[in-house]
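Notes follow the structure.
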Amino acid sequence: MHETCGCQGASMQEGRQVPQTDAPMKGDTSSQLRQWPLQLHLVGPQAPYFQGADLLLAADCVAYALGNFHAAYLQGRSLAIACPKLDEEQDSYVQKLKALLEEAKINTLTVMIMEVPCCTGLLNLARRAMEESSRKVPMKLVIVGRDGGVRQDAWVN
Amino acid sequence: MKDAVVESVLERGIKDVIREHPDLGELLATHDVGCAGCEMGSCRVRDVMVVHPLADGERTVILGRIGAELCPGHAITADMLPLRNSPAAVGRPYSPPVAMLVDEHRLIKRVLRLLPTLRRRLLQNDWRGWGHAGELLVFVRSFSDAHHHMKEEDVLFSYVDSRADVVQVMKDEHEIGRRYIRRFAEAIEKRDSFSAAEAIESYRVWLTAHIKKEDDIVFPWIDRQLTDRRVGMIFATFRDVNDRSGDLDVRMSMWVEAFERDMRG
């Protein structure tokens, strides 16, 4: 269905050329993940790793697109992932984020999305939660390109 | 291995350097670094090069000239400085807590724009002047100083490199402002219109330059140093301060609107 809908989020795009090599990747590739689960429907705001945390709310595709996702963005943060295009019952996402703001008292919220238009839905969910919450925190938006580059990394409130 | 000669140059006070080499002051001015005209001028060369939002190319040119004039044969390069402005950080807007302070600056600047009219009224012994002068004193003491400057001094500055001269310069500048306000308060008490007008003009000139320095140079420098963790902590502290102050910001905004109407009348 999405293959024919014409939206950028589903359109086929040949990737940029990446040198092929058998040599192992250099540098720190260790995981910075410090929790489970990750999916926004599954996470519980009462979990200890969310209390006072810097929360990273990432669209599902982000971690695959961005080569240094763990070192540059996940390190030191708690994580929740979601897809604003395919996931169902997204109103519950707003309530979950509101609980993370008010009950877990997260310190900051970083929303990471892909540059495709449908991904903006995740930012809108985060904005709705912030508007409905009695507690505000600094919110940052990181937009990742389909070529794996960072298009934007800026505070948005 | 650090070059001791270069290190001694980077540690020198920028004012001394400009006094000996006025052309360096002119060079800095062409890159919007106003050290030659700065009243405080206690920053070290190192701080000046780190604090100002220069492009890498600009910084290289300036350091090259400083090296050529102060320590020929010893190259000074940008990698000798503790620069933390990553490409992703450059050009972004203020972080939310710093943006709160910039918003407060906007309110204060609205008041500063009205001070020439107030000064004229005081000098003309216009009876309305003294009433407004008293109200202004309340605004300056409760909002500009107790609320705003204390947020900077007690919270924001404590999260950045306390060794940096620029932080001390900002605190010293706040003291200058407090001296002008004490003079203004004494003049009001004595109904000395000339001294009141003089104090308020000095305050206006000082605070206009001080706010510009913070908005254009100090705040972007601080933002480049802050981790997201610290941004969240400062933001939460500022919100606590705002909550404790009740409706101060609302009352002060309403007073500024009334002050603007009165000054037009």
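By order in the structure tokens, chains are A, B, ...; within a chain, residues start at 1; ligands start at 1, following the order shown.
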Distance query B:Ser193 at most 7 Å, only C-alpha atoms, self and fewer than 4 positions along chain excluded, as a list in words:
Leu122, Leu123, Ala187 and Ala197 of chain B
Please identify every residue of chain A that has at least one atom no more than 8 Å from any atom of chain B, counting only C-alpha atoms, and report them as JSON, numbers by chain.
{"A": [54, 107, 108, 137, 138, 152, 153, 154, 155, 157]}
Would you export the selected residues with N, CA, C and O atoms as a CSV table (one decimal), in the first residue's frame, please?
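Writing done, so here's out-v1.csv:
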```csv
chain,number,residue,atom,x,y,z
A,54,ASP,N,17.3,11.8,31.0
A,54,ASP,CA,17.2,12.5,29.7
A,54,ASP,C,16.7,11.5,28.7
A,54,ASP,O,17.3,10.5,28.4
A,107,ASN,N,14.3,14.8,32.7
A,107,ASN,CA,15.0,16.1,32.7
A,107,ASN,C,15.0,16.8,31.4
A,107,ASN,O,14.8,18.1,31.4
A,108,THR,N,15.1,16.1,30.3
A,108,THR,CA,15.0,16.7,29.0
A,108,THR,C,14.3,15.6,28.0
A,108,THR,O,14.3,14.4,28.4
A,137,VAL,N,9.7,20.5,30.0
A,137,VAL,CA,11.2,20.3,30.1
A,137,VAL,C,11.8,20.8,28.7
A,137,VAL,O,11.0,20.9,27.7
A,138,PRO,N,13.1,21.1,28.7
A,138,PRO,CA,13.6,21.4,27.4
A,138,PRO,C,13.5,20.3,26.3
A,138,PRO,O,13.7,19.1,26.7
A,152,GLN,N,19.4,18.4,11.3
A,152,GLN,CA,19.2,19.5,12.3
A,152,GLN,C,19.4,18.9,13.7
A,152,GLN,O,19.1,17.7,14.0
A,153,ASP,N,19.9,19.7,14.6
A,153,ASP,CA,20.1,19.3,16.0
A,153,ASP,C,19.9,20.6,16.8
A,153,ASP,O,20.9,21.3,17.0
A,154,ALA,N,18.7,20.8,17.3
A,154,ALA,CA,18.4,22.1,17.9
A,154,ALA,C,17.3,22.0,18.9
A,154,ALA,O,16.4,21.2,18.8
A,155,TRP,N,17.4,22.9,19.9
A,155,TRP,CA,16.3,23.0,20.9
A,155,TRP,C,15.1,23.6,20.2
A,155,TRP,O,15.2,24.5,19.3
A,157,ASN,N,12.0,24.5,22.1
A,157,ASN,CA,11.1,25.2,22.9
A,157,ASN,C,11.8,26.2,23.8
A,157,ASN,O,13.0,26.2,23.8
```
Would you compute the distance between atom CA of A:Pro37 and atom CA of A:Leu57? Give it in Å to one decimal.
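Result for atom CA of A:Pro37 versus atom CA of A:Leu57: 13.1 Å, one decimal.
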Tell me, as a list in words, which residues lie within 7 Å of stretch 139-152 of chain B, counting only C-alpha atoms; anything in the same chain fewer than 5 positions away does not count.
Ile108, Phe157 and Met252 of chain B
Write out the residues from the selection above, keeping C-alpha atoms, as a PDB file, in the first residue's frame.
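Output contents, as saved in selection.pdb:
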```pdb
ATOM      1  CA  ILE B 108      14.199  45.041  30.497  1.00  0.00           C
ATOM      2  CA  PHE B 157      27.280  30.852  35.851  1.00  0.00           C
ATOM      3  CA  MET B 252       6.271  43.390  35.943  1.00  0.00           C
TER       4      MET B 252
END
```
Find the residues around A:Ala126 up to 8 Å (only C-alpha atoms counted), leave out those fewer than 5 positions away in its own chain, and share them as a PDB file with all heavy atoms, in the first residue's frame.
```pdb
ATOM      1  N   VAL A  94       0.680   9.689  23.623  1.00  0.00           N
ATOM      2  CA  VAL A  94       0.646  11.023  24.237  1.00  0.00           C
ATOM      3  C   VAL A  94       0.518  10.885  25.751  1.00  0.00           C
ATOM      4  O   VAL A  94       1.215  11.564  26.520  1.00  0.00           O
ATOM      5  CB  VAL A  94      -0.519  11.863  23.662  1.00  0.00           C
ATOM      6  CG1 VAL A  94      -0.623  13.195  24.395  1.00  0.00           C
ATOM      7  CG2 VAL A  94      -0.331  12.101  22.174  1.00  0.00           C
ATOM      8  N   LEU A  97       3.825   9.660  27.228  1.00  0.00           N
ATOM      9  CA  LEU A  97       4.828  10.732  27.287  1.00  0.00           C
ATOM     10  C   LEU A  97       4.481  11.740  28.389  1.00  0.00           C
ATOM     11  O   LEU A  97       5.359  12.253  29.085  1.00  0.00           O
ATOM     12  CB  LEU A  97       4.930  11.441  25.928  1.00  0.00           C
ATOM     13  CG  LEU A  97       5.556  10.600  24.806  1.00  0.00           C
ATOM     14  CD1 LEU A  97       5.375  11.284  23.458  1.00  0.00           C
ATOM     15  CD2 LEU A  97       7.039  10.358  25.079  1.00  0.00           C
ATOM     16  N   VAL A 111      13.796  14.402  20.685  1.00  0.00           N
ATOM     17  CA  VAL A 111      13.011  13.674  19.688  1.00  0.00           C
ATOM     18  C   VAL A 111      13.873  13.511  18.440  1.00  0.00           C
ATOM     19  O   VAL A 111      14.347  14.498  17.875  1.00  0.00           O
ATOM     20  CB  VAL A 111      11.710  14.433  19.333  1.00  0.00           C
ATOM     21  CG1 VAL A 111      10.893  13.640  18.326  1.00  0.00           C
ATOM     22  CG2 VAL A 111      10.897  14.714  20.590  1.00  0.00           C
TER      23      VAL A 111
END
```
As a compact mmCIF listing (two decimals) with all heavy atoms, in the first residue's frame, please: the residues near B:Leu81 (cut-off 12 Å, only C-alpha atoms, same-chain neighbours under 5 positions excluded).
```
# COMPACT_ATOMS: atom_id res chain seq x y z
N LYS B 2 53.11 21.37 25.66
CA LYS B 2 52.72 22.77 25.47
C LYS B 2 53.94 23.66 25.29
O LYS B 2 54.97 23.44 25.92
CB LYS B 2 51.91 23.24 26.67
CG LYS B 2 50.51 22.64 26.72
CD LYS B 2 49.72 23.18 27.89
CE LYS B 2 48.29 22.64 27.85
NZ LYS B 2 47.50 23.06 29.00
N VAL B 6 54.03 30.29 23.99
CA VAL B 6 52.65 30.46 23.51
C VAL B 6 51.70 30.54 24.70
O VAL B 6 50.79 31.39 24.75
CB VAL B 6 52.25 29.29 22.57
CG1 VAL B 6 50.74 29.29 22.32
CG2 VAL B 6 53.00 29.40 21.26
N GLU B 7 51.89 29.65 25.67
CA GLU B 7 51.02 29.64 26.85
C GLU B 7 51.06 31.00 27.56
O GLU B 7 50.03 31.49 28.02
CB GLU B 7 51.44 28.53 27.82
CG GLU B 7 51.07 27.14 27.37
CD GLU B 7 49.56 26.95 27.19
OE1 GLU B 7 48.82 27.23 28.14
OE2 GLU B 7 49.15 26.53 26.10
N LEU B 10 48.90 33.41 25.63
CA LEU B 10 47.47 33.13 25.80
C LEU B 10 46.98 33.56 27.18
O LEU B 10 45.80 33.86 27.38
CB LEU B 10 47.17 31.64 25.59
CG LEU B 10 47.36 31.12 24.16
CD1 LEU B 10 47.20 29.59 24.12
CD2 LEU B 10 46.37 31.77 23.20
N GLU B 11 47.88 33.61 28.16
CA GLU B 11 47.51 34.00 29.52
C GLU B 11 47.50 35.52 29.71
O GLU B 11 47.02 36.03 30.72
CB GLU B 11 48.48 33.39 30.53
CG GLU B 11 48.26 31.91 30.79
CD GLU B 11 46.89 31.62 31.39
OE1 GLU B 11 46.53 32.26 32.39
OE2 GLU B 11 46.17 30.77 30.84
N VAL B 45 43.81 36.57 26.67
CA VAL B 45 43.76 36.31 25.22
C VAL B 45 43.05 34.99 24.96
O VAL B 45 42.20 34.87 24.08
CB VAL B 45 45.20 36.26 24.64
CG1 VAL B 45 45.17 35.78 23.19
CG2 VAL B 45 45.87 37.63 24.76
N ARG B 46 43.34 33.99 25.78
CA ARG B 46 42.74 32.65 25.63
C ARG B 46 41.21 32.73 25.69
O ARG B 46 40.51 32.17 24.86
CB ARG B 46 43.25 31.76 26.75
CG ARG B 46 42.80 30.31 26.67
CD ARG B 46 43.08 29.58 27.98
NE ARG B 46 44.46 29.70 28.45
CZ ARG B 46 45.47 28.94 28.00
NH1 ARG B 46 45.25 28.02 27.10
NH2 ARG B 46 46.69 29.12 28.47
N ASP B 47 40.70 33.47 26.70
CA ASP B 47 39.25 33.57 26.87
C ASP B 47 38.60 34.27 25.67
O ASP B 47 37.55 33.86 25.19
CB ASP B 47 38.91 34.36 28.14
CG ASP B 47 39.33 33.59 29.38
OD1 ASP B 47 39.21 32.37 29.37
OD2 ASP B 47 39.78 34.24 30.35
N VAL B 48 39.26 35.34 25.23
CA VAL B 48 38.69 36.11 24.12
C VAL B 48 38.53 35.22 22.88
O VAL B 48 37.51 35.25 22.19
CB VAL B 48 39.60 37.32 23.79
CG1 VAL B 48 39.15 38.00 22.51
CG2 VAL B 48 39.60 38.30 24.95
N MET B 49 39.53 34.40 22.65
CA MET B 49 39.49 33.54 21.46
C MET B 49 38.46 32.41 21.60
O MET B 49 37.94 31.91 20.62
CB MET B 49 40.89 32.93 21.22
CG MET B 49 41.90 33.90 20.70
SD MET B 49 41.50 34.46 19.02
CE MET B 49 40.69 35.98 19.35
N VAL B 50 38.17 32.01 22.83
CA VAL B 50 37.22 30.91 23.04
C VAL B 50 35.79 31.43 23.13
O VAL B 50 34.86 30.84 22.58
CB VAL B 50 37.57 30.13 24.34
CG1 VAL B 50 36.47 29.13 24.68
CG2 VAL B 50 38.90 29.41 24.17
N VAL B 51 35.63 32.57 23.82
CA VAL B 51 34.28 33.06 24.14
C VAL B 51 33.55 33.58 22.91
O VAL B 51 32.36 33.34 22.74
CB VAL B 51 34.37 34.15 25.23
CG1 VAL B 51 33.07 34.89 25.35
CG2 VAL B 51 34.77 33.53 26.56
N ASP B 56 36.05 29.25 12.31
CA ASP B 56 37.40 28.70 12.44
C ASP B 56 38.42 29.52 11.65
O ASP B 56 39.53 29.76 12.12
CB ASP B 56 37.43 27.24 11.96
CG ASP B 56 36.71 26.32 12.95
OD1 ASP B 56 36.47 26.78 14.09
OD2 ASP B 56 36.40 25.18 12.58
N ARG B 59 39.29 32.72 13.47
CA ARG B 59 40.12 32.46 14.65
C ARG B 59 41.58 32.20 14.23
O ARG B 59 42.52 32.67 14.87
CB ARG B 59 39.53 31.27 15.43
CG ARG B 59 40.06 31.15 16.84
CD ARG B 59 39.32 30.07 17.59
NE ARG B 59 38.04 30.50 18.16
CZ ARG B 59 36.86 30.07 17.78
NH1 ARG B 59 36.76 29.19 16.83
NH2 ARG B 59 35.77 30.51 18.36
N THR B 60 41.74 31.48 13.13
CA THR B 60 43.08 31.17 12.63
C THR B 60 43.82 32.44 12.24
O THR B 60 45.00 32.62 12.56
CB THR B 60 42.98 30.22 11.41
OG1 THR B 60 42.31 29.03 11.83
CG2 THR B 60 44.34 29.86 10.87
N LEU B 63 44.67 34.47 15.53
CA LEU B 63 45.75 33.81 16.29
C LEU B 63 47.08 33.92 15.54
O LEU B 63 48.13 34.10 16.17
CB LEU B 63 45.41 32.34 16.53
CG LEU B 63 44.31 32.07 17.56
CD1 LEU B 63 43.91 30.58 17.55
CD2 LEU B 63 44.75 32.48 18.96
N ILE B 76 50.72 30.00 17.03
CA ILE B 76 49.54 29.78 17.89
C ILE B 76 48.42 29.28 17.00
O ILE B 76 48.04 29.96 16.04
CB ILE B 76 49.10 31.06 18.61
CG1 ILE B 76 50.28 31.72 19.34
CG2 ILE B 76 47.98 30.75 19.61
CD1 ILE B 76 49.92 33.00 20.07
```
Suppose you want the space between atom CA of A:Glu115 and atom CA of A:Met139; what is it in Å?
17.7 Å
Distance atom CA of B:Ile217-atom CA of B:His52, one decimal place?
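We find that atom CA of B:Ile217 and atom CA of B:His52 lie 5.6 Å from each other.
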Which residues, written as JSON, numbers by chain, have at least one atom at most 10 Å from B:Arg179, with only C-alpha atoms counted and residues fewer than 6 positions away on the same chain left out?
{"B": [173, 185, 199, 203]}
Within 12 Å of B:Arg12, counting only C-alpha atoms, which residues show up once you throw out same-chain ones fewer than 2 positions away? Write them as a PyMOL selection string, please.
chain B and resi 5-10+14-20+41-48+66+70+165
Just the selected residues (N, CA, C and O atoms), exported as an mmCIF file, in the first residue's frame, please.
```cif
data_model
loop_
_atom_site.group_PDB
_atom_site.id
_atom_site.type_symbol
_atom_site.label_atom_id
_atom_site.label_comp_id
_atom_site.auth_asym_id
_atom_site.auth_seq_id
_atom_site.Cartn_x
_atom_site.Cartn_y
_atom_site.Cartn_z
ATOM 1 N N VAL B 5 56.108 29.543 25.703
ATOM 2 C CA VAL B 5 56.032 30.921 25.187
ATOM 3 C C VAL B 5 54.604 31.222 24.725
ATOM 4 O O VAL B 5 54.029 32.273 25.048
ATOM 5 N N VAL B 6 54.033 30.286 23.988
ATOM 6 C CA VAL B 6 52.653 30.460 23.514
ATOM 7 C C VAL B 6 51.696 30.541 24.702
ATOM 8 O O VAL B 6 50.788 31.386 24.745
ATOM 9 N N GLU B 7 51.888 29.652 25.671
ATOM 10 C CA GLU B 7 51.018 29.642 26.851
ATOM 11 C C GLU B 7 51.059 31.001 27.559
ATOM 12 O O GLU B 7 50.031 31.495 28.023
ATOM 13 N N SER B 8 52.245 31.598 27.660
ATOM 14 C CA SER B 8 52.350 32.893 28.353
ATOM 15 C C SER B 8 51.616 33.980 27.572
ATOM 16 O O SER B 8 51.036 34.896 28.161
ATOM 17 N N VAL B 9 51.612 33.871 26.237
ATOM 18 C CA VAL B 9 50.863 34.849 25.418
ATOM 19 C C VAL B 9 49.364 34.658 25.637
ATOM 20 O O VAL B 9 48.615 35.622 25.830
ATOM 21 N N LEU B 10 48.904 33.411 25.630
ATOM 22 C CA LEU B 10 47.465 33.132 25.803
ATOM 23 C C LEU B 10 46.977 33.560 27.185
ATOM 24 O O LEU B 10 45.797 33.862 27.376
ATOM 25 N N ILE B 14 44.027 40.857 27.562
ATOM 26 C CA ILE B 14 43.831 41.368 26.195
ATOM 27 C C ILE B 14 44.037 42.881 26.137
ATOM 28 O O ILE B 14 44.516 43.419 25.138
ATOM 29 N N LYS B 15 43.697 43.568 27.243
ATOM 30 C CA LYS B 15 43.863 45.029 27.236
ATOM 31 C C LYS B 15 45.336 45.415 27.122
ATOM 32 O O LYS B 15 45.686 46.356 26.406
ATOM 33 N N ASP B 16 46.189 44.698 27.870
ATOM 34 C CA ASP B 16 47.627 44.965 27.796
ATOM 35 C C ASP B 16 48.136 44.736 26.380
ATOM 36 O O ASP B 16 48.923 45.524 25.846
ATOM 37 N N VAL B 17 47.668 43.647 25.801
ATOM 38 C CA VAL B 17 48.113 43.307 24.443
ATOM 39 C C VAL B 17 47.702 44.412 23.469
ATOM 40 O O VAL B 17 48.494 44.852 22.633
ATOM 41 N N ILE B 18 46.463 44.894 23.607
ATOM 42 C CA ILE B 18 45.972 45.923 22.677
ATOM 43 C C ILE B 18 46.706 47.247 22.896
ATOM 44 O O ILE B 18 46.995 47.981 21.947
ATOM 45 N N ARG B 19 47.020 47.528 24.175
ATOM 46 C CA ARG B 19 47.782 48.757 24.450
ATOM 47 C C ARG B 19 49.138 48.726 23.736
ATOM 48 O O ARG B 19 49.566 49.705 23.146
ATOM 49 N N GLU B 20 49.786 47.571 23.783
ATOM 50 C CA GLU B 20 51.104 47.440 23.127
ATOM 51 C C GLU B 20 50.987 47.321 21.614
ATOM 52 O O GLU B 20 51.878 47.727 20.878
ATOM 53 N N GLY B 41 37.549 44.713 30.315
ATOM 54 C CA GLY B 41 38.793 44.334 29.651
ATOM 55 C C GLY B 41 39.755 43.508 30.468
ATOM 56 O O GLY B 41 40.964 43.603 30.300
ATOM 57 N N SER B 42 39.254 42.682 31.376
ATOM 58 C CA SER B 42 40.165 41.866 32.179
ATOM 59 C C SER B 42 40.320 40.450 31.626
ATOM 60 O O SER B 42 40.940 39.600 32.248
ATOM 61 N N CYS B 43 39.740 40.194 30.450
ATOM 62 C CA CYS B 43 39.827 38.849 29.872
ATOM 63 C C CYS B 43 41.248 38.560 29.384
ATOM 64 O O CYS B 43 41.965 39.452 28.938
ATOM 65 N N ARG B 44 41.587 37.267 29.431
ATOM 66 C CA ARG B 44 42.859 36.831 28.881
ATOM 67 C C ARG B 44 42.696 36.583 27.374
ATOM 68 O O ARG B 44 41.580 36.389 26.898
ATOM 69 N N VAL B 45 43.807 36.575 26.670
ATOM 70 C CA VAL B 45 43.761 36.314 25.223
ATOM 71 C C VAL B 45 43.046 34.989 24.963
ATOM 72 O O VAL B 45 42.200 34.874 24.075
ATOM 73 N N ARG B 46 43.336 33.992 25.780
ATOM 74 C CA ARG B 46 42.742 32.652 25.629
ATOM 75 C C ARG B 46 41.208 32.728 25.691
ATOM 76 O O ARG B 46 40.507 32.167 24.856
ATOM 77 N N ASP B 47 40.697 33.471 26.699
ATOM 78 C CA ASP B 47 39.245 33.573 26.868
ATOM 79 C C ASP B 47 38.603 34.268 25.670
ATOM 80 O O ASP B 47 37.549 33.861 25.193
ATOM 81 N N VAL B 48 39.255 35.337 25.225
ATOM 82 C CA VAL B 48 38.690 36.107 24.116
ATOM 83 C C VAL B 48 38.529 35.217 22.880
ATOM 84 O O VAL B 48 37.512 35.246 22.191
ATOM 85 N N ILE B 66 48.360 37.416 16.203
ATOM 86 C CA ILE B 66 48.815 37.544 17.597
ATOM 87 C C ILE B 66 50.166 36.842 17.760
ATOM 88 O O ILE B 66 51.102 37.383 18.358
ATOM 89 N N LEU B 70 53.438 38.824 18.924
ATOM 90 C CA LEU B 70 53.807 38.659 20.329
ATOM 91 C C LEU B 70 54.853 37.568 20.567
ATOM 92 O O LEU B 70 55.593 37.629 21.550
ATOM 93 N N ASP B 165 37.525 34.123 32.885
ATOM 94 C CA ASP B 165 37.416 35.529 33.290
ATOM 95 C C ASP B 165 36.084 36.141 32.904
ATOM 96 O O ASP B 165 35.589 37.043 33.562
#
```
Proximity to B:Val98 - best of B:Asp216, B:Asp243, B:Glu69, B:Asp161, only C-alpha atoms
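Closest to B:Val98 of all the choices is B:Asp216.
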